$ cat my_file21.txt   # compact mmCIF, C-alpha atoms
# COMPACT_ATOMS: atom_id res chain seq x y z
CA MET C 25 6.30 -22.43 56.51
CA SER C 26 5.41 -18.99 57.91
CA ASP C 27 3.19 -16.51 56.09
CA LYS C 28 6.15 -14.16 55.63
CA VAL C 29 8.19 -16.83 53.86
CA LYS C 30 5.22 -17.76 51.69
CA ASN C 31 4.65 -14.14 50.66
CA GLU C 32 8.33 -13.68 49.86
CA LYS C 33 8.26 -16.87 47.76
CA VAL C 34 5.19 -15.72 45.84
CA GLN C 35 6.73 -12.30 45.22
CA TYR C 36 9.94 -13.93 44.00
CA GLU C 37 8.05 -16.19 41.57
CA VAL C 38 6.00 -13.30 40.22
CA LEU C 39 9.02 -11.04 39.80
CA SER C 40 11.10 -13.79 38.22
CA GLY C 41 8.28 -14.53 35.76
CA VAL C 42 7.94 -10.87 34.83
CA VAL C 43 11.67 -10.43 34.46
CA GLY C 44 11.89 -13.61 32.42
CA GLN C 45 9.10 -12.45 30.15
CA GLU C 46 10.73 -9.04 29.67
CA SER C 47 14.07 -10.65 28.91
CA ARG C 48 12.47 -12.93 26.33
CA LEU C 49 10.73 -9.99 24.66
CA HIS C 50 13.96 -8.00 24.71
CA LYS C 51 15.78 -10.94 23.16
CA VAL C 52 13.19 -11.26 20.40
CA PHE C 53 13.31 -7.54 19.53
CA ARG C 54 17.10 -7.47 19.76
CA LYS C 55 17.37 -10.26 17.20
CA MET C 56 14.71 -8.76 14.90
CA PRO C 57 16.22 -8.22 11.43
CA LEU C 58 16.24 -4.73 9.97
CA MET C 59 14.03 -5.88 7.09
CA ILE C 60 11.33 -7.00 9.55
CA MET C 61 11.52 -3.65 11.34
CA LEU C 62 10.98 -1.89 8.03
CA CYS C 63 8.04 -4.20 7.24
CA ILE C 64 6.44 -3.45 10.62
CA ALA C 65 6.98 0.29 10.11
CA TRP C 66 5.36 0.17 6.66
CA LEU C 67 2.37 -1.84 7.89
CA MET C 68 1.88 0.49 10.86
CA PHE C 69 1.95 3.43 8.46
CA MET C 70 -0.62 1.75 6.21
CA PHE C 71 -2.97 0.99 9.09
CA ILE C 72 -2.64 4.53 10.49
CA VAL C 73 -3.49 5.92 7.06
CA ALA C 74 -6.44 3.53 6.80
CA ILE C 75 -7.81 4.49 10.22
CA PHE C 76 -7.33 8.26 9.94
CA TRP C 77 -7.74 8.51 6.17
CA ASP C 78 -10.01 11.54 6.38
CA LYS C 79 -7.33 13.41 8.33
CA PHE C 80 -4.59 12.63 5.79
CA ALA C 81 -6.56 13.21 2.58
CA PRO C 82 -5.94 16.80 1.42
CA PHE C 83 -9.09 16.90 -0.78
CA ASP C 84 -12.41 15.15 -1.20
CA TYR C 85 -11.58 11.99 -3.13
CA GLU C 86 -14.68 12.52 -5.34
CA ALA C 87 -14.19 16.23 -6.06
CA GLN C 88 -13.62 16.85 -9.78
CA ASP C 89 -11.66 19.62 -11.49
CA LEU C 90 -11.78 19.07 -15.26
CA ALA C 91 -9.64 22.12 -15.92
CA ASN C 92 -6.79 20.47 -14.02
CA ARG C 93 -7.09 16.88 -15.28
CA LEU C 94 -4.07 14.55 -15.56
CA SER C 95 -1.69 17.02 -13.93
CA VAL C 96 1.86 15.79 -13.31
CA PRO C 97 2.63 14.93 -9.66
CA THR C 98 4.69 17.46 -7.78
CA ILE C 99 7.13 14.74 -6.71
CA PHE C 100 7.82 14.05 -10.41
CA GLY C 101 8.41 17.68 -11.38
CA GLY C 102 4.85 18.94 -11.74
CA THR C 103 4.14 22.65 -11.40
CA ASP C 104 0.90 22.30 -9.40
CA SER C 105 2.08 22.22 -5.78
CA THR C 106 -1.41 21.54 -4.43
CA HIS C 107 -1.52 18.00 -5.86
CA LEU C 108 1.45 16.02 -4.59
CA PHE C 109 0.53 12.90 -6.62
CA GLY C 110 -1.19 14.77 -9.45
CA THR C 111 -4.77 14.29 -10.65
CA ASP C 112 -6.63 11.67 -12.67
CA SER C 113 -8.61 12.03 -15.90
CA LEU C 114 -11.48 13.76 -14.07
CA GLY C 115 -9.25 16.15 -12.16
CA ARG C 116 -9.64 14.32 -8.84
CA ASP C 117 -6.72 14.51 -6.43
CA PHE C 118 -4.87 11.22 -6.81
CA LEU C 119 -3.32 11.27 -3.32
CA SER C 120 -6.76 11.57 -1.73
CA ARG C 121 -8.05 8.71 -3.87
CA LEU C 122 -4.99 6.61 -2.98
CA ILE C 123 -5.54 7.18 0.74
CA ARG C 124 -9.23 6.28 0.40
CA SER C 125 -8.26 3.18 -1.61
CA ILE C 126 -5.81 2.05 1.09
CA ARG C 127 -8.55 2.37 3.66
CA THR C 128 -11.05 0.39 1.58
CA SER C 129 -8.65 -2.41 0.62
CA LEU C 130 -7.24 -2.90 4.13
CA LEU C 131 -10.71 -2.82 5.68
CA ILE C 132 -11.99 -5.44 3.26
CA ALA C 133 -8.89 -7.61 3.72
CA PHE C 134 -9.02 -7.33 7.53
CA CYS C 135 -12.73 -8.17 7.81
CA GLY C 136 -12.38 -11.00 5.30
CA THR C 137 -9.42 -12.46 7.20
CA ILE C 138 -11.29 -12.36 10.52
CA ILE C 139 -14.33 -14.05 8.97
CA THR C 140 -12.12 -16.72 7.41
CA ALA C 141 -10.31 -17.41 10.69
CA VAL C 142 -13.50 -17.57 12.79
CA VAL C 143 -15.43 -19.79 10.35
CA GLY C 144 -12.52 -22.14 9.64
CA THR C 145 -11.44 -22.52 13.28
CA THR C 146 -15.00 -23.07 14.48
CA LEU C 147 -15.70 -25.73 11.86
CA GLY C 148 -12.39 -27.43 12.67
CA PHE C 149 -13.23 -27.59 16.37
CA ILE C 150 -16.73 -28.89 15.59
CA ALA C 151 -15.26 -31.63 13.40
CA ALA C 152 -12.76 -32.61 16.12
CA HIS C 153 -15.40 -32.67 18.84
CA PHE C 154 -18.25 -34.58 17.20
CA ARG C 155 -16.21 -36.80 14.85
CA GLY C 156 -18.24 -39.37 12.87
CA TRP C 157 -20.42 -38.09 10.04
CA VAL C 158 -20.00 -34.47 11.15
CA ASP C 159 -16.24 -34.75 10.78
CA GLU C 160 -16.57 -36.48 7.41
CA THR C 161 -19.00 -33.84 6.11
CA ILE C 162 -16.77 -30.91 7.11
CA MET C 163 -13.68 -32.59 5.69
CA MET C 164 -15.61 -33.23 2.47
CA LEU C 165 -16.36 -29.49 2.27
CA VAL C 166 -12.68 -28.78 2.89
CA ASP C 167 -11.67 -31.01 -0.01
CA PHE C 168 -14.33 -29.41 -2.20
CA GLN C 169 -12.97 -25.95 -1.37
CA TYR C 170 -9.44 -27.07 -2.26
CA SER C 171 -10.59 -28.46 -5.62
CA LEU C 172 -12.55 -25.34 -6.69
CA PRO C 173 -10.49 -22.23 -7.61
CA PHE C 174 -11.73 -19.25 -5.64
CA MET C 175 -11.48 -16.81 -8.54
CA ILE C 176 -13.85 -18.88 -10.68
CA LEU C 177 -16.30 -19.22 -7.80
CA ALA C 178 -16.15 -15.45 -7.11
CA LEU C 179 -16.74 -14.59 -10.76
CA LEU C 180 -19.75 -16.89 -10.94
CA VAL C 181 -21.31 -15.66 -7.69
CA ILE C 182 -20.83 -11.95 -8.46
CA ALA C 183 -22.03 -12.36 -12.04
CA PHE C 184 -25.29 -14.02 -10.93
CA PHE C 185 -26.08 -12.23 -7.65
CA GLY C 186 -24.51 -8.81 -8.14
CA ASN C 187 -22.17 -7.10 -5.73
CA ASN C 188 -22.11 -4.72 -2.80
CA ILE C 189 -19.44 -4.04 -0.22
CA ILE C 190 -20.91 -6.28 2.51
CA PHE C 191 -21.51 -9.15 0.10
CA PHE C 192 -17.99 -8.70 -1.24
CA VAL C 193 -16.45 -8.93 2.25
CA PHE C 194 -18.31 -12.16 3.03
CA LEU C 195 -17.33 -13.56 -0.35
CA LEU C 196 -13.68 -12.99 0.48
CA GLY C 197 -14.34 -14.45 3.92
CA ILE C 198 -15.10 -17.90 2.51
CA GLU C 199 -11.74 -17.99 0.71
CA GLY C 200 -9.13 -19.92 2.69
CA TRP C 201 -11.35 -21.15 5.54
CA ASN C 202 -10.42 -24.73 4.66
CA LYS C 203 -6.82 -24.15 5.79
CA TYR C 204 -7.96 -22.97 9.21
CA ALA C 205 -10.42 -25.86 9.48
CA ARG C 206 -7.80 -28.47 8.74
CA LEU C 207 -5.22 -26.89 11.06
CA SER C 208 -7.59 -26.38 13.98
CA ARG C 209 -9.07 -29.87 13.61
CA GLY C 210 -5.67 -31.56 13.67
CA MET C 211 -4.41 -29.51 16.61
CA ALA C 212 -7.67 -29.99 18.55
CA LEU C 213 -7.47 -33.78 18.10
CA SER C 214 -3.91 -33.70 19.37
CA ALA C 215 -4.78 -31.45 22.32
CA GLN C 216 -7.69 -33.65 23.40
CA ASN C 217 -5.24 -36.40 24.33
CA ASN C 218 -3.09 -34.11 26.48
CA GLY C 219 -3.34 -34.21 30.24
CA TYR C 220 -4.79 -30.73 30.73
CA ALA C 221 -7.69 -31.36 28.34
CA VAL C 222 -8.53 -34.70 29.94
CA ALA C 223 -8.41 -33.19 33.44
CA ILE C 224 -10.58 -30.22 32.49
CA ARG C 225 -13.11 -32.53 30.83
CA GLN C 226 -13.26 -34.71 33.95
CA LEU C 227 -13.84 -31.64 36.11
CA GLY C 228 -17.08 -31.09 34.22
CA ALA C 229 -16.17 -28.20 31.95
CA SER C 230 -18.50 -27.68 29.00
CA PRO C 231 -17.16 -28.31 25.47
CA ALA C 232 -17.44 -24.61 24.64
CA ARG C 233 -15.34 -23.66 27.67
CA LEU C 234 -12.83 -26.42 26.94
CA TYR C 235 -12.22 -25.25 23.38
CA ALA C 236 -12.48 -21.49 23.95
CA LYS C 237 -10.55 -21.20 27.23
CA HIS C 238 -8.01 -23.99 27.01
CA ILE C 239 -7.50 -25.59 23.61
CA LEU C 240 -7.70 -22.39 21.53
CA PRO C 241 -4.98 -20.52 23.50
CA ASN C 242 -2.67 -23.52 23.18
CA VAL C 243 -3.05 -23.72 19.39
CA SER C 244 -3.28 -19.98 18.75
CA ASN C 245 0.37 -19.65 17.69
CA ILE C 246 -0.10 -21.65 14.50
CA LEU C 247 -3.41 -19.92 13.77
CA ILE C 248 -1.81 -16.49 14.17
CA VAL C 249 0.89 -17.45 11.68
CA GLU C 250 -1.75 -18.60 9.22
CA LEU C 251 -3.64 -15.34 9.76
CA THR C 252 -0.59 -13.22 8.93
CA LEU C 253 -0.04 -15.25 5.76
CA ASN C 254 -3.72 -15.14 4.78
CA PHE C 255 -4.05 -11.36 5.06
CA PRO C 256 -1.96 -10.53 1.95
CA ALA C 257 -3.91 -13.17 0.03
CA LYS C 258 -7.09 -11.23 0.83
CA ILE C 259 -5.53 -8.01 -0.44
CA LEU C 260 -4.52 -9.71 -3.70
CA ALA C 261 -7.98 -11.30 -4.08
CA GLU C 262 -9.69 -7.93 -3.59
CA THR C 263 -7.23 -6.29 -5.97
CA SER C 264 -7.78 -8.93 -8.64
CA LEU C 265 -11.58 -8.75 -8.52
CA SER C 266 -11.60 -4.95 -8.41
CA PHE C 267 -9.14 -4.87 -11.31
CA LEU C 268 -11.62 -6.94 -13.32
CA GLY C 269 -14.44 -4.58 -12.38
CA LEU C 270 -16.19 -7.10 -10.11
CA GLY C 271 -14.97 -5.83 -6.75
CA VAL C 272 -15.41 -2.38 -5.22
CA GLN C 273 -17.82 -0.33 -7.32
CA PRO C 274 -17.84 3.45 -8.00
CA PRO C 275 -18.10 5.96 -6.45
CA ASP C 276 -15.97 4.12 -3.88
CA THR C 277 -12.44 3.17 -4.82
CA SER C 278 -9.82 0.60 -3.86
CA LEU C 279 -6.24 -0.23 -4.80
CA GLY C 280 -7.46 -2.71 -7.40
CA SER C 281 -9.82 -0.25 -9.06
CA LEU C 282 -7.10 2.43 -9.06
CA LEU C 283 -4.75 -0.01 -10.74
CA SER C 284 -7.39 -0.90 -13.32
CA PHE C 285 -8.10 2.79 -13.98
CA GLY C 286 -4.41 3.64 -14.42
CA ARG C 287 -3.82 0.79 -16.84
CA ALA C 288 -5.25 2.88 -19.70
CA TYR C 289 -2.69 5.64 -19.09
CA MET C 290 0.48 3.58 -18.77
CA MET C 291 2.10 5.18 -21.84
CA THR C 292 1.32 8.80 -20.94
CA ASN C 293 0.61 9.03 -17.19
CA TRP C 294 2.33 5.92 -15.85
CA TRP C 295 2.18 7.00 -12.19
CA LEU C 296 -1.60 6.40 -12.14
CA ALA C 297 -0.89 2.66 -12.27
CA VAL C 298 2.60 2.47 -10.78
CA ILE C 299 1.79 4.19 -7.47
CA PRO C 300 -1.10 1.86 -6.46
CA GLY C 301 0.84 -1.12 -7.85
CA VAL C 302 3.86 -0.31 -5.68
CA THR C 303 1.58 0.20 -2.67
CA ILE C 304 0.03 -3.25 -3.18
CA PHE C 305 3.45 -4.83 -3.67
CA LEU C 306 5.03 -3.30 -0.56
CA THR C 307 2.02 -4.08 1.66
CA THR C 308 1.70 -7.73 0.64
CA LEU C 309 5.47 -8.27 0.70
CA SER C 310 5.76 -6.75 4.18
CA MET C 311 2.94 -8.92 5.51
CA CYS C 312 4.41 -12.07 3.99
CA LEU C 313 7.89 -11.38 5.38
CA LEU C 314 6.42 -10.58 8.80
CA GLY C 315 4.38 -13.78 8.74
CA ASP C 316 7.45 -15.86 7.89
CA TRP C 317 9.42 -14.21 10.68
CA VAL C 318 6.62 -14.79 13.22
CA ARG C 319 6.44 -18.45 12.17
CA ASP C 320 10.19 -18.90 12.54
CA THR C 321 10.11 -17.16 15.92
CA ILE C 322 7.26 -18.96 17.65
CA ASP C 323 7.46 -22.39 16.02
CA PRO C 324 9.57 -24.59 18.34
CA THR C 325 10.12 -27.22 15.63
CA ILE C 326 12.23 -24.90 13.49
CA ARG C 327 13.59 -22.55 16.13
CA LYS C 328 17.36 -22.76 16.50

$ encode --input "my_file21.txt" --output "structure tokens"
Amino acid sequence: MSDKVKNEKVQYEVLSGVVGQESRLHKVFRKMPLMIMLCIAWLMFMFIVAIFWDKFAPFDYEAQDLANRLSVPTIFGGTDSTHLFGTDSLGRDFLSRLIRSIRTSLLIAFCGTIITAVVGTTLGFIAAHFRGWVDETIMMLVDFQYSLPFMILALLVIAFFGNNIIFFVFLLGIEGWNKYARLSRGMALSAQNNGYAVAIRQLGASPARLYAKHILPNVSNILIVELTLNFPAKILAETSLSFLGLGVQPPDTSLGSLLSFGRAYMMTNWWLAVIPGVTIFLTTLSMCLLGDWVRDTIDPTIRK
């Protein structure tokens, strides 16, 4: 075969692969339900607000104006046009505090989810590689994590050791790692018996290269689905602990602490609790629906 024919064949394979990939992506987006598009739009809006929160906040979220406390939001018929969502009991602009709270809650949930995924996947791969007593010890920790409710553990740890933002993120990071560990262990054991893993091992690749470069990309689909489903659980965990006063501490604020603060004004200034509650509901619902759709899209066992 001449060099010209070989080059034409390579170009054809590359172009056909690119075209095939584009057609598959177009097919996925064309079949995307309207509800999923709305979920993606809402999540993108939330993350943009969280990243550029200081650009969106009209006031300093800590600035107080006692002469203008508990003003009615402009969107609900208030006369003060400078405060779109009104003010709280200390005269602080509620929209600015809401934007700051979105940033804090999403940052905590994102960092906690990454820590959970990294710790759980790493321990699962270690258990699958070493087997024996290492595997039994890690699986024993997994069973222990399943048997102990996270909320009780978090309350005990925070009550005894106190709380700060970094400690709080790592505390949320240990919640749910057992799911990643069990998933990654089972998929790693299955992948080790496949031809590509055996061939790479015989070529002399190190275990770290085998798991990081070859096994992890082949099992990443299921881990990504678990990550999208674990993210809203982190938001709810942060909200619950902050609502109880054990999460984010003043002067910082989060969606949970806003919800806890607005609870005392439900009969008179209901928007102080309803607005952060609706924000939490829409964010977690959007992430859950998106995670279900991603699972149904990339899982070949349930794909029609």

$ atom_distance --input "my_file21.txt" --atom1 "atom CA of Arg116 of chain C" --atom2 "atom CA of Pro82 of chain C"
11.2 Å

$ closest_residue --input "my_file21.txt" --among "C:Pro275, C:Ile72, C:Phe149, C:Leu251" --to "Ala87 of chain C" --atoms "only C-alpha atoms"
C:Pro275

$ residues_around --input "my_file21.txt" --residues "Met311 of chain C" --least-positions-apart "4" --cutoff "12 Å" --atoms "all atoms listed in the file" --output "NGL selection string"
:C and (59-68 or 70 or 130 or 249-260 or 304-307 or 315-318)

$ residues_around --input "my_file21.txt" --residues "Ile190 of chain C" --least-positions-apart "6" --cutoff "12 Å" --atoms "only C-alpha atoms" --output "ChimeraX atom specification"
/C:128,131-132,135-136,196-197,271-273

$ atom_distance --input "my_file21.txt" --atom1 "atom CA of Asp276 of chain C" --atom2 "atom CA of Phe134 of chain C"
17.6 Å

$ atom_distance --input "my_file21.txt" --atom1 "atom CA of His153 of chain C" --atom2 "atom CA of Ala236 of chain C"
12.6 Å

$ closest_residue --input "my_file21.txt" --among "C:Leu147, C:Ala297, C:Leu119, C:Leu177" --to "Phe267 of chain C" --atoms "only C-alpha atoms"
C:Ala297

$ residues_near_point --input "my_file21.txt" --point "(-17.6, -13.4, 6.8)" --cutoff "12 Å" --atoms "all atoms listed in the file" --output "compact mmCIF listing (two decimals) with C-alpha atoms, keeping the file's coordinate frame"
# COMPACT_ATOMS: atom_id res chain seq x y z
CA ILE C 132 -11.99 -5.44 3.26
CA ALA C 133 -8.89 -7.61 3.72
CA PHE C 134 -9.02 -7.33 7.53
CA CYS C 135 -12.73 -8.17 7.81
CA GLY C 136 -12.38 -11.00 5.30
CA THR C 137 -9.42 -12.46 7.20
CA ILE C 138 -11.29 -12.36 10.52
CA ILE C 139 -14.33 -14.05 8.97
CA THR C 140 -12.12 -16.72 7.41
CA ALA C 141 -10.31 -17.41 10.69
CA VAL C 142 -13.50 -17.57 12.79
CA VAL C 143 -15.43 -19.79 10.35
CA GLY C 144 -12.52 -22.14 9.64
CA ILE C 189 -19.44 -4.04 -0.22
CA ILE C 190 -20.91 -6.28 2.51
CA PHE C 191 -21.51 -9.15 0.10
CA PHE C 192 -17.99 -8.70 -1.24
CA VAL C 193 -16.45 -8.93 2.25
CA PHE C 194 -18.31 -12.16 3.03
CA LEU C 195 -17.33 -13.56 -0.35
CA LEU C 196 -13.68 -12.99 0.48
CA GLY C 197 -14.34 -14.45 3.92
CA ILE C 198 -15.10 -17.90 2.51
CA GLU C 199 -11.74 -17.99 0.71
CA GLY C 200 -9.13 -19.92 2.69
CA TRP C 201 -11.35 -21.15 5.54

$ residues_around --input "my_file21.txt" --residues "Asp112 of chain C" --least-positions-apart "5" --cutoff "9 Å" --atoms "only C-alpha atoms" --output "number ranges by chain"
C: 92-95, 117-118, 286, 293, 296

$ closest_residue --input "my_file21.txt" --among "C:Leu213, C:Gln169, C:Ser113, C:Leu207" --to "Phe154 of chain C" --atoms "all atoms listed in the file"
C:Leu213

$ decode --input "my_file21.txt" --residues "segment 176-191 of chain C" --atoms "N, CA and C atoms" --output "PDB file, in the first residue's frame"
ATOM      1  N   ILE C 176     -25.902  12.103  62.957  1.00  0.00           N
ATOM      2  CA  ILE C 176     -25.508  11.876  64.357  1.00  0.00           C
ATOM      3  C   ILE C 176     -24.005  12.022  64.522  1.00  0.00           C
ATOM      4  N   LEU C 177     -23.248  11.454  63.574  1.00  0.00           N
ATOM      5  CA  LEU C 177     -21.790  11.581  63.621  1.00  0.00           C
ATOM      6  C   LEU C 177     -21.366  13.038  63.527  1.00  0.00           C
ATOM      7  N   ALA C 178     -21.992  13.808  62.617  1.00  0.00           N
ATOM      8  CA  ALA C 178     -21.632  15.222  62.455  1.00  0.00           C
ATOM      9  C   ALA C 178     -21.942  16.016  63.711  1.00  0.00           C
ATOM     10  N   LEU C 179     -23.093  15.757  64.323  1.00  0.00           N
ATOM     11  CA  LEU C 179     -23.449  16.474  65.549  1.00  0.00           C
ATOM     12  C   LEU C 179     -22.452  16.185  66.662  1.00  0.00           C
ATOM     13  N   LEU C 180     -22.045  14.932  66.792  1.00  0.00           N
ATOM     14  CA  LEU C 180     -21.094  14.575  67.839  1.00  0.00           C
ATOM     15  C   LEU C 180     -19.733  15.222  67.603  1.00  0.00           C
ATOM     16  N   VAL C 181     -19.248  15.154  66.359  1.00  0.00           N
ATOM     17  CA  VAL C 181     -17.916  15.689  66.050  1.00  0.00           C
ATOM     18  C   VAL C 181     -17.886  17.202  66.240  1.00  0.00           C
ATOM     19  N   ILE C 182     -18.897  17.908  65.727  1.00  0.00           N
ATOM     20  CA  ILE C 182     -18.921  19.366  65.836  1.00  0.00           C
ATOM     21  C   ILE C 182     -19.108  19.800  67.283  1.00  0.00           C
ATOM     22  N   ALA C 183     -19.923  19.071  68.030  1.00  0.00           N
ATOM     23  CA  ALA C 183     -20.149  19.427  69.429  1.00  0.00           C
ATOM     24  C   ALA C 183     -18.881  19.304  70.265  1.00  0.00           C
ATOM     25  N   PHE C 184     -18.033  18.304  69.955  1.00  0.00           N
ATOM     26  CA  PHE C 184     -16.832  18.075  70.763  1.00  0.00           C
ATOM     27  C   PHE C 184     -15.638  18.885  70.275  1.00  0.00           C
ATOM     28  N   PHE C 185     -15.482  19.046  68.955  1.00  0.00           N
ATOM     29  CA  PHE C 185     -14.267  19.645  68.409  1.00  0.00           C
ATOM     30  C   PHE C 185     -14.489  21.044  67.832  1.00  0.00           C
ATOM     31  N   GLY C 186     -15.707  21.564  67.908  1.00  0.00           N
ATOM     32  CA  GLY C 186     -15.945  22.884  67.351  1.00  0.00           C
ATOM     33  C   GLY C 186     -16.072  22.831  65.837  1.00  0.00           C
ATOM     34  N   ASN C 187     -16.123  24.023  65.244  1.00  0.00           N
ATOM     35  CA  ASN C 187     -16.376  24.076  63.810  1.00  0.00           C
ATOM     36  C   ASN C 187     -15.710  25.298  63.198  1.00  0.00           C
ATOM     37  N   ASN C 188     -15.137  25.093  62.020  1.00  0.00           N
ATOM     38  CA  ASN C 188     -14.727  26.171  61.132  1.00  0.00           C
ATOM     39  C   ASN C 188     -15.002  25.711  59.711  1.00  0.00           C
ATOM     40  N   ILE C 189     -14.837  26.594  58.758  1.00  0.00           N
ATOM     41  CA  ILE C 189     -15.273  26.295  57.400  1.00  0.00           C
ATOM     42  C   ILE C 189     -14.480  25.148  56.781  1.00  0.00           C
ATOM     43  N   ILE C 190     -13.164  25.081  57.032  1.00  0.00           N
ATOM     44  CA  ILE C 190     -12.350  24.009  56.460  1.00  0.00           C
ATOM     45  C   ILE C 190     -12.701  22.668  57.105  1.00  0.00           C
ATOM     46  N   PHE C 191     -12.845  22.679  58.424  1.00  0.00           N
ATOM     47  CA  PHE C 191     -13.236  21.460  59.127  1.00  0.00           C
ATOM     48  C   PHE C 191     -14.613  20.995  58.667  1.00  0.00           C
TER      49      PHE C 191
END
